[in-house]
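Participant: Sharing a structure below in structure tokens format, with a few things to ask.
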Amino acid sequence: MLHRPIEERLQTAVAAVLPDADLSQVLVRPCPDPRFGDYQANSLMGLAKARKLNPRKLADEVVAKLDLAGLGATVEIAGAGFLNFRVSAPTVAAHLLEALAGRHLFLAPAARPKTIVVDFSSPNVAKPMHIGHIRSTILGDALARVFRLLGHRVVTDNHLGDWGTAFGKLLVGWKRHLHAEALERDPIAEMERLYQLVNEASKADPSVLETARHELVKLQSGDEENLAIWRKMTALSQVQFDAIYGRLGVKFDFTLGESFYNPKLKSIVSDLKNIGVARESEGAVAVFFEEPELKDHPAIIQKSDGAANYATTDLATLVYRLERWNPDEIVYVTDDRQQLHFKQFFAIFRRWKPDVAVKLSHVWFGKILGDDGKPFRTRDGGVVRLSDLLDEAEERALAIVQEKNPEMPDAQRREIARVIGLGSVKYADLLPNRQSDYIFSWDKMLALTGNTAPYLLYAYTRICGIFRRVSDEGGTFDAAGLAAGFQLKLAHAEELAVAKHLVRFGLVLDAVAEEHRPNYLCNYLYDLAGHMARFYEQCPVLTAPEPERLTRLILCHLAGEVLQKGLGLLGIETTERM
């Protein structure tokens, strides 16, 4: 938050010198090297280049107009036109006391709140959720949490795969090969078996495939028997989804599957044809593109047999969302294999509805790999079920907790293991650049050292331990009371380093929201834990004389709040003991 008034004053100064400048590009961000300042602005160089001006001279003119009075900040010009800002220790201290009083936690609501729809997870009915679903689920949930904290209206929608060609085969399997006891025992496994059985049979016998197509047509035409079976499959699948989402702490505002939009598809195809966006081609209806990257990739919106395609359903979904929620932005969280699809889909929509100003964002991510560099699988080469993965995470974490705390009650050990295990899986997934593949490693993600969830959870429990000792010694820590009357002075370099890192929390969250990259928050929290480790080495807390002791307790308290809040935004619970 400290950067915002500086940024506003800088934009005013730039406007005074360059009235035509795009002020949305004049931003203040953390200085990469704290030796040169706390914050930095480098936009003047781009503005100068576009106007063929000397960037250093432009920087001089802007600084001459820059009024930082009352902000407790100074500015220096560096290099070819960088502006480096330093914030005084008393200004930082005052900001900490505001946070201590509960006025903020180093962040401010968005100046212009938006309505944002987040489309994520999207598993398929009648199939087990597997490791391939975890990135979309965890990433989408983290983004939704950050958007909400920043004051945006967020609508989360789980767009289930509950309609399409697979259900023809499932219906054949259900009618011919269903084992009632197996369905009762493990419905997802039984439905998966039925699909695989019919899928293999259809490859060998064309008549089986034709029967599956016939059953699908009956379903899509409203046949009561097939609809009843389909509803049963959906209900059984939802039990599985609810169990896994419950473990992950993931909630959705809406779960509207593909079937919800089926009645709207024919009118969309007709509309696209009527306005010339789509045309018939070899019995199908397709959209052809002029954009170089799409020119060789037409998008089919209706197959030759009359069935719709993914693009058609996505267009219907988008129209519904616009009518229902009037969003400013829709975020689609899927894997990298769908990049072409979303480029096509967005391009079709822009041609179809050119006056609609909604921002469409495809937040894509890379793959989870095994040690061999290939997609992560079970030892026998099968797909890793998500429920099995979460079970193993908790069991591995339990073994570590038991080793470290053999005297701890079993129920407490298991609860701590649950938090550590699930948190480790989530953190390992959110830590890399989302567009990169990453290698899944139990040893790395559960390590107590390095940039891992256990390391950050330990950093939080260490702070909790400090305040337990305060309580055990008969002391109290009244945050609100201290904020009202304590004169906070940040005298030691490590105190100031922790404090300055804390006040950047909101700036990091802004970047996460703008660029859809939770890894920024992961790295911020890891750096905060590192600052705290150095702080403990240089600044004894409980044994320090007053007023240093209270100053350091305040820093610990606020660091604990930021760690807990930051981990919570990543969907990771905290525990006071490990």
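By convention in this document, the chains of the structure tokens carry letters A, B, ... by their order, each chain's residues are numbered from 1, and ligands are numbered from 1 in the order they are shown.
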What's the 10 Å shell around Lys266 in chain A, counting only C-alpha atoms, without same-chain residues fewer than 6 positions away, as number ranges by chain?
Facilitator: A: 301-302, 306-308, 312, 316
Participant: Each residue of range 277-334 of chain A with at least one atom at most 6 Å from range 118-126 of chain A should appear once, together with its nearest atom pair and the corresponding distance in Å (one decimal); atoms considered: only C-alpha atoms; ordering: chain, then increasing residue number; output as a Markdown table.
Facilitator:
```
| residue | atom | partner | partner_atom | distance |
| --- | --- | --- | --- | --- |
| A:Ile330 | CA | A:Val118 | CA | 6.0 |
| A:Val331 | CA | A:Val118 | CA | 4.8 |
| A:Tyr332 | CA | A:Asp119 | CA | 4.9 |
| A:Val333 | CA | A:Phe120 | CA | 5.1 |
```
Participant: At a cut-off of 8 Å, using only C-alpha atoms, what residues contact Leu171 in chain A? Leave out same-chain residues fewer than 3 positions from it and give the result as a ChimeraX atom specification.
Facilitator: /A:167-168,174-175,212,215-216,226,229-230
Participant: As a ChimeraX atom specification, please: all residues of range 118-238 of chain A that backbone DSSP puts in helix (DSSP H, G or I).
Facilitator: /A:131-149,166-177,180-185,187-204,206-220,224-238
Participant: As an exercise, work out the distance from CA of Phe85 in chain A to CA of His531 in chain A in Å and give it to one decimal place.
Facilitator: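 Separation between CA of Phe85 in chain A and CA of His531 in chain A: 21.1 Å.
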Participant: Take CA of Pro19 in chain A and CA of Ala48 in chain A and report the distance between them in Å, one decimal.
Facilitator: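 Computing the Euclidean distance for CA of Pro19 in chain A and CA of Ala48 in chain A yields 13.2 Å.
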Participant: With distances taken over only C-alpha atoms, which of A:Gly37, A:Pro55, A:Pro206, A:Gly566 is nearest to Gly506 in chain A?
Facilitator: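 With only C-alpha atoms as the atom set, the closest residue is A:Gly566.
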Participant: So which one's closest to Lys114 in chain A, A:Ile420, A:Cys31, A:Val358, A:Leu318? Using only C-alpha atoms, please.
Facilitator: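 Checking each candidate against Lys114 in chain A, we get A:Val358 as the closest.
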Participant: With distances taken over only C-alpha atoms, which residue among A:Phe477, A:Val146, A:Met45, A:Val17 lies nearest Ala511 in chain A?
Facilitator: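 Closest to Ala511 in chain A of all the choices is A:Val146.
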Participant: Using DSSP on the backbone coordinates, identify the residues of range 346-502 of chain A assigned to strand (DSSP E or B); present them as a list of chain:residue names.
Facilitator: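 Filtering range 346-502 of chain A to strand (DSSP E or B) leaves A:Lys359, A:Leu360, A:Ser361, A:His362, A:Val363, A:Trp364, A:Phe365, A:Ile368, A:Leu369, A:Pro375, A:Arg385, A:Tyr438, A:Ile439.
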Participant: Using only C-alpha atoms, which of the listed residues (A:Tyr520, A:Trp352, A:Trp364, A:Tyr460) sits closest to Val287 in chain A?
Facilitator: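 Among the listed residues, the smallest separation from Val287 in chain A belongs to A:Trp352.
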Participant: Would you please work out which residue, of A:Ile131, A:Met445, A:Ala144, A:Val117, is nearest to Gly568 in chain A when using only C-alpha atoms?
Facilitator: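 Of all the options, A:Ala144 lies closest to Gly568 in chain A.
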Participant: Taking only C-alpha atoms into account, name the residue in A:Ala484, A:Gly381, A:Ala513, A:Leu555 that is nearest to Arg148 in chain A.
Facilitator: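 Under the stated criterion, the closest residue is A:Ala513.
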Participant: Give me the residues within 12 Å of Thr575 in chain A as a ChimeraX atom specification, counting only C-alpha atoms and dropping any in the same chain fewer than 2 places off.
Facilitator: /A:412-420,423,453-454,456-465,560,563-564,567-568,572-573,577-578
Participant: Set the distance at 12 Å and use only C-alpha atoms: which residues neighbour Gly246 in chain A once local chain neighbours fewer than 6 positions away are removed? I'd like the list as a list in words.
Facilitator: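 Within the cut-off, the hits are Gln238, Val239, Gln240, Phe252, Ser387, Leu390, Leu422 and Gly571 of chain A.
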Participant: Those residues with all heavy atoms, as a PDB file, in the first residue's frame please?
Facilitator:
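What landed in again_25.pdb:
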```pdb
ATOM      1  N   GLN A 238     -20.905 -36.863  -8.685  1.00  0.00           N
ATOM      2  CA  GLN A 238     -20.877 -35.691  -7.820  1.00  0.00           C
ATOM      3  C   GLN A 238     -20.457 -36.051  -6.403  1.00  0.00           C
ATOM      4  O   GLN A 238     -19.807 -35.254  -5.718  1.00  0.00           O
ATOM      5  CB  GLN A 238     -22.240 -35.014  -7.800  1.00  0.00           C
ATOM      6  CG  GLN A 238     -22.230 -33.624  -7.189  1.00  0.00           C
ATOM      7  CD  GLN A 238     -21.347 -32.653  -7.966  1.00  0.00           C
ATOM      8  OE1 GLN A 238     -21.487 -32.520  -9.175  1.00  0.00           O
ATOM      9  NE2 GLN A 238     -20.438 -31.981  -7.265  1.00  0.00           N
ATOM     10  N   VAL A 239     -20.777 -37.258  -5.970  1.00  0.00           N
ATOM     11  CA  VAL A 239     -20.331 -37.722  -4.651  1.00  0.00           C
ATOM     12  C   VAL A 239     -18.808 -37.734  -4.592  1.00  0.00           C
ATOM     13  O   VAL A 239     -18.194 -37.289  -3.619  1.00  0.00           O
ATOM     14  CB  VAL A 239     -20.901 -39.119  -4.343  1.00  0.00           C
ATOM     15  CG1 VAL A 239     -20.285 -39.681  -3.064  1.00  0.00           C
ATOM     16  CG2 VAL A 239     -22.418 -39.064  -4.217  1.00  0.00           C
ATOM     17  N   GLN A 240     -18.198 -38.277  -5.676  1.00  0.00           N
ATOM     18  CA  GLN A 240     -16.733 -38.282  -5.741  1.00  0.00           C
ATOM     19  C   GLN A 240     -16.179 -36.864  -5.761  1.00  0.00           C
ATOM     20  O   GLN A 240     -15.241 -36.529  -5.017  1.00  0.00           O
ATOM     21  CB  GLN A 240     -16.266 -39.012  -7.015  1.00  0.00           C
ATOM     22  CG  GLN A 240     -14.757 -38.931  -7.222  1.00  0.00           C
ATOM     23  CD  GLN A 240     -14.336 -38.965  -8.681  1.00  0.00           C
ATOM     24  OE1 GLN A 240     -13.185 -39.252  -8.990  1.00  0.00           O
ATOM     25  NE2 GLN A 240     -15.235 -38.669  -9.600  1.00  0.00           N
ATOM     26  N   PHE A 252     -17.338 -24.084  -5.045  1.00  0.00           N
ATOM     27  CA  PHE A 252     -17.795 -23.444  -6.269  1.00  0.00           C
ATOM     28  C   PHE A 252     -19.124 -22.758  -6.016  1.00  0.00           C
ATOM     29  O   PHE A 252     -19.974 -23.269  -5.285  1.00  0.00           O
ATOM     30  CB  PHE A 252     -17.968 -24.475  -7.394  1.00  0.00           C
ATOM     31  CG  PHE A 252     -16.679 -25.128  -7.816  1.00  0.00           C
ATOM     32  CD1 PHE A 252     -16.272 -26.311  -7.225  1.00  0.00           C
ATOM     33  CD2 PHE A 252     -15.874 -24.543  -8.780  1.00  0.00           C
ATOM     34  CE1 PHE A 252     -15.079 -26.915  -7.593  1.00  0.00           C
ATOM     35  CE2 PHE A 252     -14.685 -25.135  -9.151  1.00  0.00           C
ATOM     36  CZ  PHE A 252     -14.278 -26.329  -8.563  1.00  0.00           C
ATOM     37  N   SER A 387      -7.613 -38.985  -5.502  1.00  0.00           N
ATOM     38  CA  SER A 387      -7.866 -39.427  -4.124  1.00  0.00           C
ATOM     39  C   SER A 387      -6.689 -40.234  -3.588  1.00  0.00           C
ATOM     40  O   SER A 387      -6.294 -40.073  -2.420  1.00  0.00           O
ATOM     41  CB  SER A 387      -9.146 -40.271  -4.062  1.00  0.00           C
ATOM     42  OG  SER A 387      -9.059 -41.385  -4.934  1.00  0.00           O
ATOM     43  N   LEU A 390      -3.784 -37.804  -2.731  1.00  0.00           N
ATOM     44  CA  LEU A 390      -3.995 -37.086  -1.469  1.00  0.00           C
ATOM     45  C   LEU A 390      -3.809 -38.011  -0.272  1.00  0.00           C
ATOM     46  O   LEU A 390      -3.259 -37.605   0.753  1.00  0.00           O
ATOM     47  CB  LEU A 390      -5.384 -36.451  -1.455  1.00  0.00           C
ATOM     48  CG  LEU A 390      -5.679 -35.450  -2.580  1.00  0.00           C
ATOM     49  CD1 LEU A 390      -7.076 -34.861  -2.427  1.00  0.00           C
ATOM     50  CD2 LEU A 390      -4.630 -34.344  -2.632  1.00  0.00           C
ATOM     51  N   LEU A 422      -1.532 -32.180   2.455  1.00  0.00           N
ATOM     52  CA  LEU A 422      -2.300 -31.500   1.427  1.00  0.00           C
ATOM     53  C   LEU A 422      -1.657 -30.162   1.054  1.00  0.00           C
ATOM     54  O   LEU A 422      -1.618 -29.784  -0.121  1.00  0.00           O
ATOM     55  CB  LEU A 422      -3.739 -31.281   1.892  1.00  0.00           C
ATOM     56  CG  LEU A 422      -4.550 -32.548   2.221  1.00  0.00           C
ATOM     57  CD1 LEU A 422      -5.970 -32.178   2.624  1.00  0.00           C
ATOM     58  CD2 LEU A 422      -4.564 -33.497   1.037  1.00  0.00           C
ATOM     59  N   GLY A 571      -4.766 -21.662  -0.521  1.00  0.00           N
ATOM     60  CA  GLY A 571      -5.600 -22.803  -0.161  1.00  0.00           C
ATOM     61  C   GLY A 571      -4.955 -23.711   0.866  1.00  0.00           C
ATOM     62  O   GLY A 571      -5.375 -24.862   1.028  1.00  0.00           O
TER      63      GLY A 571
END
```
